[in-house]
$ cat protein-v1.cif   # mmCIF, C-alpha atoms and all ligand atoms
data_entry
#
loop_
_atom_site.group_PDB
_atom_site.id
_atom_site.type_symbol
_atom_site.label_atom_id
_atom_site.label_comp_id
_atom_site.auth_asym_id
_atom_site.auth_seq_id
_atom_site.Cartn_x
_atom_site.Cartn_y
_atom_site.Cartn_z
ATOM 1 C CA MET W 920 119.746 -37.156 19.211
ATOM 2 C CA ARG W 921 118.461 -40.088 21.173
ATOM 3 C CA LEU W 922 118.771 -40.105 24.983
ATOM 4 C CA PRO W 923 120.215 -43.043 26.815
ATOM 5 C CA GLN W 924 117.600 -45.602 27.774
ATOM 6 C CA ARG W 925 117.503 -44.682 31.554
ATOM 7 C CA ALA W 926 117.167 -40.951 30.827
ATOM 8 C CA GLU W 927 114.421 -41.696 28.316
ATOM 9 C CA SER W 928 112.615 -43.760 30.967
ATOM 10 C CA LEU W 929 112.833 -40.952 33.588
ATOM 11 C CA ARG W 930 111.617 -38.387 31.091
ATOM 12 C CA HIS W 931 108.361 -40.378 30.743
ATOM 13 C CA CYS W 932 108.073 -41.434 34.395
ATOM 14 C CA ARG W 933 108.407 -38.110 36.231
ATOM 15 C CA PRO W 934 105.348 -36.395 34.809
ATOM 16 C CA ALA W 935 103.286 -39.534 35.372
ATOM 17 C CA GLY W 936 104.445 -39.662 39.021
ATOM 18 C CA ARG W 937 103.503 -36.027 39.559
ATOM 19 C CA ARG W 938 100.114 -36.679 38.019
ATOM 20 C CA ALA W 939 99.592 -39.641 40.328
ATOM 21 C CA ALA W 940 100.613 -37.576 43.352
ATOM 22 C CA LEU W 941 98.309 -34.766 42.285
ATOM 23 C CA SER W 942 95.419 -37.178 41.751
ATOM 24 C CA TYR W 943 95.968 -38.632 45.211
ATOM 25 C CA LEU W 944 96.084 -35.168 46.742
ATOM 26 C CA GLU W 945 92.955 -34.112 44.860
ATOM 27 C CA THR W 946 91.160 -37.242 46.039
ATOM 28 C CA MET W 947 92.100 -36.571 49.635
ATOM 29 C CA VAL W 948 90.996 -32.937 49.450
ATOM 30 C CA SER W 949 87.727 -33.936 47.782
ATOM 31 C CA ALA W 950 87.072 -36.543 50.448
ATOM 32 C CA ALA W 951 87.761 -34.005 53.169
ATOM 33 C CA LEU W 952 85.432 -31.463 51.552
ATOM 34 C CA ILE W 953 82.671 -34.050 51.142
ATOM 35 C CA SER W 954 83.063 -35.051 54.795
ATOM 36 C CA MET W 955 82.719 -31.428 55.884
ATOM 37 C CA VAL W 956 79.595 -30.974 53.761
ATOM 38 C CA VAL W 957 78.049 -34.176 55.128
ATOM 39 C CA ILE W 958 78.801 -33.161 58.728
ATOM 40 C CA ALA W 959 77.309 -29.720 58.148
ATOM 41 C CA ALA W 960 74.196 -31.263 56.556
ATOM 42 C CA CYS W 961 73.802 -33.655 59.508
ATOM 43 C CA ARG W 962 74.017 -30.755 61.940
ATOM 44 C CA VAL W 963 71.363 -28.832 60.020
ATOM 45 C CA LEU W 964 69.066 -31.871 59.991
ATOM 46 C CA ALA W 965 69.641 -32.513 63.700
ATOM 47 C CA GLY W 966 68.862 -28.868 64.439
ATOM 48 C CA SER W 967 65.677 -29.039 62.373
ATOM 49 C CA ALA W 968 64.541 -32.222 64.107
ATOM 50 C CA HIS W 969 65.175 -30.658 67.524
ATOM 51 C CA GLY W 970 63.265 -27.557 66.454
ATOM 52 C CA LEU W 971 60.299 -29.680 65.395
ATOM 53 C CA LEU W 972 60.298 -31.538 68.727
ATOM 54 C CA VAL W 973 60.370 -28.256 70.658
ATOM 55 C CA SER W 974 57.542 -26.830 68.527
ATOM 56 C CA GLU W 975 55.436 -29.937 69.100
ATOM 57 C CA ALA W 976 56.078 -29.849 72.852
ATOM 58 C CA LEU W 977 55.069 -26.168 73.012
ATOM 59 C CA LEU W 978 51.878 -26.874 71.036
ATOM 60 C CA HIS W 979 50.912 -29.886 73.147
ATOM 61 C CA GLY W 980 51.807 -27.984 76.305
ATOM 62 C CA ALA W 981 49.510 -25.108 75.378
ATOM 63 C CA GLN W 982 46.656 -27.509 74.613
ATOM 64 C CA LEU W 983 47.105 -29.382 77.893
ATOM 65 C CA ALA W 984 47.352 -26.193 79.944
ATOM 66 C CA ASP W 985 44.305 -24.570 78.323
ATOM 67 C CA GLU W 986 42.236 -27.728 78.701
ATOM 68 C CA LEU W 987 42.959 -28.084 82.428
ATOM 69 C CA MET W 988 42.546 -24.363 83.158
ATOM 70 C CA ALA W 989 39.170 -24.394 81.376
ATOM 71 C CA GLU W 990 38.127 -27.304 83.606
ATOM 72 C CA VAL W 991 39.187 -25.473 86.787
ATOM 73 C CA LEU W 992 37.295 -22.339 85.739
ATOM 74 C CA THR W 993 34.012 -24.275 85.501
ATOM 75 C CA GLN W 994 34.226 -24.965 89.253
ATOM 76 C CA PRO W 995 32.691 -22.776 91.959
ATOM 77 C CA TYR W 996 34.968 -20.526 94.019
ATOM 78 C CA GLU W 997 34.464 -22.723 97.081
ATOM 79 C CA ASP W 998 32.821 -25.986 97.998
ATOM 80 C CA ARG W 999 29.043 -25.568 98.115
ATOM 81 C CA ASP W 1000 28.643 -28.128 100.889
ATOM 82 C CA GLU W 1001 31.566 -26.952 103.021
ATOM 83 C CA PRO W 1002 32.276 -23.305 102.212
ATOM 84 C CA GLY W 1003 35.293 -21.610 103.770
ATOM 85 C CA GLY W 1004 37.677 -24.548 103.511
ATOM 86 C CA PHE W 1005 40.633 -24.948 101.223
ATOM 87 C CA GLY W 1006 41.777 -28.069 99.390
ATOM 88 C CA LEU W 1007 39.878 -31.334 99.325
ATOM 89 C CA GLU W 1008 36.958 -31.572 101.691
ATOM 90 C CA ALA W 1009 36.232 -34.613 103.843
ATOM 91 C CA GLY W 1010 35.365 -37.669 101.784
ATOM 92 C CA GLU W 1011 36.832 -36.297 98.534
ATOM 93 C CA SER W 1012 39.532 -38.379 96.858
ATOM 94 C CA GLY W 1013 42.634 -36.936 95.198
ATOM 95 C CA THR W 1014 43.574 -40.001 93.144
ATOM 96 C CA SER W 1015 41.731 -38.526 90.158
ATOM 97 C CA ARG W 1016 39.874 -35.236 89.630
ATOM 98 C CA SER W 1017 36.499 -36.940 89.361
ATOM 99 C CA GLU W 1018 35.429 -35.700 92.824
ATOM 100 C CA PHE W 1019 36.891 -32.201 92.514
ATOM 101 C CA ASP W 1020 33.951 -29.813 92.840
ATOM 102 C CA ASP W 1021 35.512 -26.448 93.659
ATOM 103 C CA VAL W 1022 38.547 -24.443 92.586
ATOM 104 C CA ASP W 1023 40.837 -25.112 95.533
ATOM 105 C CA ASP W 1024 40.322 -28.879 95.292
ATOM 106 C CA TYR W 1025 42.826 -28.645 92.421
ATOM 107 C CA ASN W 1026 45.614 -27.295 94.624
ATOM 108 C CA GLY W 1027 48.557 -29.704 94.476
ATOM 109 C CA TRP W 1028 47.272 -31.678 91.509
ATOM 110 C CA ASP W 1029 50.253 -33.318 89.799
ATOM 111 C CA ALA W 1030 49.913 -36.009 87.137
ATOM 112 C CA SER W 1031 52.252 -37.540 84.585
ATOM 113 C CA PRO W 1032 51.154 -38.549 82.045
ATOM 114 C CA PRO W 1033 48.189 -36.152 82.050
ATOM 115 C CA GLN W 1034 44.741 -37.511 82.877
ATOM 116 C CA ALA W 1035 41.177 -36.681 81.948
ATOM 117 C CA LYS W 1036 38.892 -35.650 84.831
ATOM 118 C CA ASN W 1037 37.714 -39.244 85.214
ATOM 119 C CA GLY W 1038 41.289 -40.450 85.766
ATOM 120 C CA LYS W 1039 41.853 -41.955 82.327
ATOM 121 C CA GLN W 1040 45.298 -41.225 80.908
ATOM 122 C CA LEU W 1041 45.317 -38.969 77.871
ATOM 123 C CA ALA W 1042 46.682 -40.853 74.850
ATOM 124 C CA GLY W 1043 49.615 -39.363 72.980
ATOM 125 C CA TYR W 1044 51.027 -37.303 75.836
ATOM 126 C CA GLY W 1045 53.716 -39.586 77.256
ATOM 127 C CA GLY W 1046 56.510 -37.547 78.821
ATOM 128 C CA TYR W 1047 54.198 -34.658 79.771
ATOM 129 C CA ARG W 1048 53.259 -33.625 83.300
ATOM 130 C CA ARG W 1049 50.572 -31.212 84.535
ATOM 131 C CA THR W 1050 50.546 -29.441 87.862
ATOM 132 C CA VAL W 1051 48.134 -27.030 89.529
ATOM 133 C CA VAL W 1052 48.721 -24.594 92.383
ATOM 134 C CA VAL W 1053 45.856 -22.622 93.917
ATOM 135 C CA GLU W 1054 46.689 -19.761 96.271
ATOM 136 C CA GLN W 1055 44.682 -17.200 98.164
ATOM 137 C CA VAL W 1056 45.882 -13.756 97.079
ATOM 138 C CA SER W 1057 45.395 -10.295 98.511
ATOM 139 C CA ASP W 1058 42.370 -8.179 97.610
ATOM 140 C CA SER W 1059 44.676 -5.203 97.029
ATOM 141 C CA ASP W 1060 47.615 -6.994 95.391
ATOM 142 C CA LEU W 1061 46.930 -10.099 93.354
ATOM 143 C CA GLN W 1062 50.644 -11.005 93.436
ATOM 144 C CA THR W 1063 50.702 -11.353 97.221
ATOM 145 C CA VAL W 1064 49.747 -14.684 98.762
ATOM 146 C CA VAL W 1065 47.701 -14.338 101.948
ATOM 147 C CA PRO W 1066 46.279 -16.789 104.521
ATOM 148 C CA VAL W 1067 43.352 -18.951 103.449
ATOM 149 C CA GLY W 1068 40.018 -17.199 103.824
ATOM 150 C CA SER W 1069 41.484 -13.720 104.308
ATOM 151 C CA SER W 1070 40.613 -12.393 100.858
ATOM 152 C CA SER W 1071 38.125 -12.820 98.047
ATOM 153 C CA PHE W 1072 40.590 -13.953 95.379
ATOM 154 C CA LYS W 1073 42.221 -17.248 94.472
ATOM 155 C CA ARG W 1074 45.024 -17.462 91.941
ATOM 156 C CA VAL W 1075 45.189 -20.630 89.848
ATOM 157 C CA THR W 1076 48.465 -21.599 88.157
ATOM 158 C CA VAL W 1077 48.600 -24.481 85.690
ATOM 159 C CA CYS W 1078 52.007 -25.654 84.447
ATOM 160 C CA VAL W 1079 52.848 -28.256 81.826
ATOM 161 C CA TYR W 1080 56.258 -29.870 81.597
ATOM 162 C CA TYR W 1081 57.793 -32.013 78.871
ATOM 163 C CA GLY W 1082 60.446 -33.955 80.703
ATOM 164 C CA SER W 1083 61.943 -31.354 83.011
ATOM 165 C CA ARG W 1084 61.234 -28.453 80.669
ATOM 166 C CA LEU W 1085 58.347 -26.051 81.356
ATOM 167 C CA VAL W 1086 56.465 -25.786 78.043
ATOM 168 C CA ALA W 1087 53.281 -23.956 79.086
ATOM 169 C CA LYS W 1088 52.005 -21.916 82.018
ATOM 170 C CA ARG W 1089 48.593 -20.367 82.560
ATOM 171 C CA GLN W 1090 47.558 -18.174 85.468
ATOM 172 C CA VAL W 1091 44.080 -16.892 86.272
ATOM 173 C CA VAL W 1092 42.722 -15.076 89.328
ATOM 174 C CA MET W 1093 39.190 -16.001 90.399
ATOM 175 C CA SER W 1094 36.986 -13.751 92.490
ATOM 176 C CA ARG W 1095 34.438 -14.891 95.045
ATOM 177 C CA ASN W 1096 32.283 -11.951 94.011
ATOM 178 C CA ALA W 1097 32.173 -13.056 90.359
ATOM 179 C CA GLU W 1098 29.694 -15.771 91.363
ATOM 180 C CA ASN W 1099 27.242 -13.371 92.986
HETATM 181 CA CA CA W 1101 37.766 -27.398 98.341
HETATM 182 CA CA CA W 1102 35.495 -29.898 97.180
#
$ encode --input "protein-v1.cif" --output "structure tokens" --more "lines below"
Ligand SMILES: [Ca+2]
Ligand SMILES: [Ca+2]
Amino acid sequence: MRLPQRAESLRHCRPAGRRAALSYLETMVSAALISMVVIAACRVLAGSAHGLLVSEALLHGAQLADELMAEVLTQPYEDRDEPGGFGLEAGESGTSRSEFDDVDDYNGWDASPPQAKNGKQLAGYGGYRRTVVVEQVSDSDLQTVVPVGSSSFKRVTVCVYYGSRLVAKRQVVMSRNAEN
């Protein structure tokens, strides 16, 4: 038995409409899933890039801190020409480290970007900063800061920052008696 023309038309159209609706829905779900995967991948990549930057900053910080601490440790405990003082002696300039000739001359050194001893900026270290603090510490307790000249120990602290972040710190205690 043949259906009327309108019923025949609906019989063919309904399944096609459902298929179209399903295809649209599938497309939307697929697009949403792809978007989620892309966002997740971007986050992973951003995290990896940040991790690499932090690793590089820590490596450079360690190199800069070790290099400056090694330089300080080559200096005598006190100025040979004016023993007993602390900090720069008369006639010594603090614009670079070229005239630093004893450990406590380095107290208060602060340079960004980092410099070589002759004052030349170190290439490739933009954004880094190096600081030095030298303190007189107690003979009986190396953690206790005491007045200048009242002990035989000086504690040297070198810090390196990348931006505002501390990326390396070195601390060494020097003894006056080690030179004798
Ligand atoms: Ca000095
Ligand atoms: Ca000096």
$ residues_around --input "protein-v1.cif" --residues "Ser1015 in chain W" --least-positions-apart "3" --cutoff "9 Å" --atoms "only C-alpha atoms" --output "list in words"
Ser1012, Glu1018, Phe1019, Trp1028, Gln1034, Ala1035, Lys1036, Asn1037, Gly1038 and Lys1039 of chain W
$ resolve_selection --input "protein-v1.cif" --expression "the PyMOL selection byres (((chain W and resi 987-990) around 9) and not hetatm)" --output "PyMOL selection string"
chain W and resi 982-986+991-994+1035-1036+1049+1051+1075-1077+1089-1091
$ closest_residue --input "protein-v1.cif" --among "W:Met947, W:Ala960, W:Ala1009, W:Gly966" --to "ligand CA 1102 (chain W)" --atoms "only C-alpha atoms and all ligand atoms"
W:Ala1009
$ atom_distance --input "protein-v1.cif" --atom1 "CA of Ser1071 in chain W" --atom2 "CA of Glu1054 in chain W"
11.2 Å
$ residues_near_ligand --input "protein-v1.cif" --ligand "ligand CA 1101 (chain W)" --cutoff "10 Å" --atoms "all atoms listed in the file" --output "PyMOL selection string"
chain W and resi 995-1009+1011+1019-1026
$ closest_residue --input "protein-v1.cif" --among "W:Gly1010, W:Val973, W:Leu978, W:Leu944" --to "ligand CA 1102 (chain W)" --atoms "all atoms listed in the file"
W:Gly1010
$ closest_residue --input "protein-v1.cif" --among "W:Ser1017, W:Gly970, W:Ala981, W:Ala940" --to "ligand CA 1102 (chain W)" --atoms "all atoms listed in the file"
W:Ser1017
$ axis_aligned_box --input "protein-v1.cif" --around "range 1069-1075 of chain W" --padding-each-side "8 Å" --output "AutoDock Vina command-line options"
--center_x 41.7 --center_y -16.5 --center_z 97.1 --size_x 23.1 --size_y 24.2 --size_z 30.5
$ resolve_selection --input "protein-v1.cif" --expression "the PyMOL selection byres (((chain W and resi 1094) around 9) and not hetatm)" --output "VMD selection string"
chain W and resid 996 1071 to 1074 1092 to 1093 1095 to 1098
$ closest_residue --input "protein-v1.cif" --among "W:Gly1043, W:Gly980, W:Gly1013, W:Pro1066" --to "ligand CA 1102 (chain W)" --atoms "all atoms listed in the file"
W:Gly1013
$ residues_around --input "protein-v1.cif" --residues "Ser1083 in chain W" --least-positions-apart "2" --cutoff "10 Å" --atoms "all atoms listed in the file" --output "PyMOL selection string"
chain W and resi 1046-1048+1079-1081+1085-1086
$ closest_residue --input "protein-v1.cif" --among "W:Asp1060, W:Cys1078, W:His969, W:Arg1016" --to "ligand CA 1102 (chain W)" --atoms "all atoms listed in the file"
W:Arg1016
$ atom_distance --input "protein-v1.cif" --atom1 "CA of Tyr943 in chain W" --atom2 "CA of Arg962 in chain W"
28.7 Å
$ atom_distance --input "protein-v1.cif" --atom1 "CA of Arg1084 in chain W" --atom2 "CA of Val1064 in chain W"
25.5 Å
$ build_atoms --input "protein-v1.cif" --residues "range 944-959 of chain W" --atoms "N, CA and C atoms" --output "tab-separated table (two decimals), in the frame of the given file"
chain	number	residue	atom	x	y	z
W	944	LEU	N	96.35	-36.35	45.93
W	944	LEU	CA	96.08	-35.17	46.74
W	944	LEU	C	94.68	-34.63	46.49
W	945	GLU	N	94.30	-34.59	45.20
W	945	GLU	CA	92.96	-34.11	44.86
W	945	GLU	C	91.88	-35.00	45.49
W	946	THR	N	92.14	-36.30	45.46
W	946	THR	CA	91.16	-37.24	46.04
W	946	THR	C	91.00	-37.00	47.53
W	947	MET	N	92.16	-36.79	48.19
W	947	MET	CA	92.10	-36.57	49.64
W	947	MET	C	91.36	-35.27	49.97
W	948	VAL	N	91.67	-34.22	49.20
W	948	VAL	CA	91.00	-32.94	49.45
W	948	VAL	C	89.51	-33.06	49.19
W	949	SER	N	89.14	-33.76	48.10
W	949	SER	CA	87.73	-33.94	47.78
W	949	SER	C	87.02	-34.69	48.90
W	950	ALA	N	87.69	-35.75	49.38
W	950	ALA	CA	87.07	-36.54	50.45
W	950	ALA	C	86.88	-35.69	51.69
W	951	ALA	N	87.87	-34.86	51.99
W	951	ALA	CA	87.76	-34.01	53.17
W	951	ALA	C	86.62	-33.01	53.00
W	952	LEU	N	86.50	-32.44	51.80
W	952	LEU	CA	85.43	-31.46	51.55
W	952	LEU	C	84.07	-32.13	51.66
W	953	ILE	N	83.95	-33.33	51.08
W	953	ILE	CA	82.67	-34.05	51.14
W	953	ILE	C	82.32	-34.35	52.59
W	954	SER	N	83.32	-34.76	53.37
W	954	SER	CA	83.06	-35.05	54.80
W	954	SER	C	82.54	-33.82	55.52
W	955	MET	N	83.16	-32.66	55.23
W	955	MET	CA	82.72	-31.43	55.88
W	955	MET	C	81.29	-31.08	55.51
W	956	VAL	N	80.95	-31.28	54.22
W	956	VAL	CA	79.60	-30.97	53.76
W	956	VAL	C	78.60	-31.91	54.42
W	957	VAL	N	78.96	-33.20	54.51
W	957	VAL	CA	78.05	-34.18	55.13
W	957	VAL	C	77.84	-33.85	56.60
W	958	ILE	N	78.92	-33.50	57.30
W	958	ILE	CA	78.80	-33.16	58.73
W	958	ILE	C	77.91	-31.93	58.91
W	959	ALA	N	78.12	-30.93	58.06
W	959	ALA	CA	77.31	-29.72	58.15
W	959	ALA	C	75.84	-30.03	57.89
